[in-house]
Amino acid sequence: MEDDELEMLRQRKMQQMQQMQSQQVQQRAAAEEQQKEAEAQRAAIMRQILTPEARDRLATVKIAYPDVAHMVEDQLIRLVQMGQIKSQVDEPTLKQILRRVAPQKREITIEKR
């Protein structure tokens with residue numbers, strides 16, 4: 001009798017664990033879907049406000065410095081939402097924005113003693 005009760009408890013516990021695991025998988029899938037949608041919206045906005053040359057430049061920057069590219073995209077989206085950008089951003093304008101946002105390089109000097 002104790003064996004039957006123990007087996008039932010094990011089965012219940014196993015079912016609970018499986019349910020929790022399936023819920024976690026569903027939550028992860030939903031979060032990934034939301035992230036994909038947000039990225040798609042972001043890309044659509046960038047297509048609207050950047051010229052093709054500027055998009056190429058930003059894509060190149062994204063490969064080397066993803067954090068910097070993300071900050072520039074955020075800044076451009078904010079400027080569009082505030083109505084400060086009326087026309088498409090061209091490559092020279094994007095370069096100026098990148099210079100302001102990109103971290104400044106430090107000069108390293110080595111002294112011999």
# chains A, B, ... in the order shown; residues from 1 in each chain; ligands from 1

$ residues_around --residues "range 75-80 of chain A" --least-positions-apart "6" --cutoff "10 Å" --atoms "only C-alpha atoms" --output "JSON, numbers by chain"
{"A": [42, 45, 46, 49, 50, 69, 86, 87, 89, 94, 97, 101]}

$ write_last_selection --atoms "N, CA and C atoms" --output "PDB file, in the first residue's frame"
ATOM      1  N   ARG A  42      11.463  47.895 -35.655  1.00  0.00           N
ATOM      2  CA  ARG A  42      12.656  48.749 -35.642  1.00  0.00           C
ATOM      3  C   ARG A  42      13.260  48.836 -37.042  1.00  0.00           C
ATOM      4  N   ILE A  45      11.142  51.025 -39.319  1.00  0.00           N
ATOM      5  CA  ILE A  45      11.360  52.445 -39.047  1.00  0.00           C
ATOM      6  C   ILE A  45      12.679  52.901 -39.652  1.00  0.00           C
ATOM      7  N   MET A  46      13.711  52.083 -39.516  1.00  0.00           N
ATOM      8  CA  MET A  46      15.020  52.447 -40.078  1.00  0.00           C
ATOM      9  C   MET A  46      14.947  52.539 -41.608  1.00  0.00           C
ATOM     10  N   ILE A  49      13.409  56.014 -42.384  1.00  0.00           N
ATOM     11  CA  ILE A  49      14.099  57.266 -42.065  1.00  0.00           C
ATOM     12  C   ILE A  49      15.535  57.325 -42.576  1.00  0.00           C
ATOM     13  N   LEU A  50      16.093  56.215 -43.052  1.00  0.00           N
ATOM     14  CA  LEU A  50      17.472  56.226 -43.540  1.00  0.00           C
ATOM     15  C   LEU A  50      17.509  56.017 -45.051  1.00  0.00           C
ATOM     16  N   ALA A  69      25.589  50.917 -32.654  1.00  0.00           N
ATOM     17  CA  ALA A  69      24.520  50.927 -33.658  1.00  0.00           C
ATOM     18  C   ALA A  69      23.151  50.941 -32.988  1.00  0.00           C
ATOM     19  N   LYS A  86      12.452  65.462 -40.217  1.00  0.00           N
ATOM     20  CA  LYS A  86      11.387  65.654 -41.204  1.00  0.00           C
ATOM     21  C   LYS A  86      11.649  64.883 -42.493  1.00  0.00           C
ATOM     22  N   SER A  87      12.923  64.705 -42.856  1.00  0.00           N
ATOM     23  CA  SER A  87      13.253  64.008 -44.092  1.00  0.00           C
ATOM     24  C   SER A  87      14.160  62.822 -43.766  1.00  0.00           C
ATOM     25  N   VAL A  89      17.401  60.567 -43.309  1.00  0.00           N
ATOM     26  CA  VAL A  89      18.766  60.832 -42.838  1.00  0.00           C
ATOM     27  C   VAL A  89      19.723  60.227 -43.860  1.00  0.00           C
ATOM     28  N   LEU A  94      24.380  60.691 -40.809  1.00  0.00           N
ATOM     29  CA  LEU A  94      24.564  59.517 -39.962  1.00  0.00           C
ATOM     30  C   LEU A  94      25.990  59.451 -39.432  1.00  0.00           C
ATOM     31  N   ILE A  97      26.261  61.738 -36.515  1.00  0.00           N
ATOM     32  CA  ILE A  97      25.620  61.139 -35.335  1.00  0.00           C
ATOM     33  C   ILE A  97      26.522  60.066 -34.746  1.00  0.00           C
ATOM     34  N   VAL A 101      28.080  59.711 -30.931  1.00  0.00           N
ATOM     35  CA  VAL A 101      27.672  58.595 -30.070  1.00  0.00           C
ATOM     36  C   VAL A 101      28.821  57.631 -29.810  1.00  0.00           C
TER      37      VAL A 101
END

$ select_by_dssp --residues "chain A" --states "alpha helix (DSSP H)" --output "JSON, numbers by chain"
{"A": [2, 3, 4, 5, 6, 7, 8, 9, 10, 11, 12, 13, 14, 15, 16, 17, 18, 19, 20, 21, 22, 23, 24, 25, 26, 27, 28, 29, 30, 31, 32, 33, 34, 35, 36, 37, 38, 39, 40, 41, 42, 43, 44, 45, 46, 47, 48, 49, 52, 53, 54, 55, 56, 57, 58, 59, 60, 61, 62, 63, 64, 66, 67, 68, 69, 70, 71, 72, 73, 74, 75, 76, 77, 78, 79, 80, 81, 91, 92, 93, 94, 95, 96, 97, 98, 99, 100, 101]}

$ atom_distance --atom1 "CA of Ala44 in chain A" --atom2 "CA of Ala30 in chain A"
21.1 Å

$ atom_distance --atom1 "CA of Val72 in chain A" --atom2 "CA of Gln34 in chain A"
21.5 Å

$ closest_residue --among "A:Ile110, A:Gln23, A:Leu98, A:Met14" --to "Asp67 in chain A" --atoms "only C-alpha atoms"
A:Leu98

$ closest_residue --among "A:Gln16, A:Glu73, A:Gln88, A:Gln24" --to "Ala43 in chain A" --atoms "only C-alpha atoms"
A:Glu73

$ atom_distance --atom1 "CA of Val61 in chain A" --atom2 "CA of Ala102 in chain A"
10.0 Å
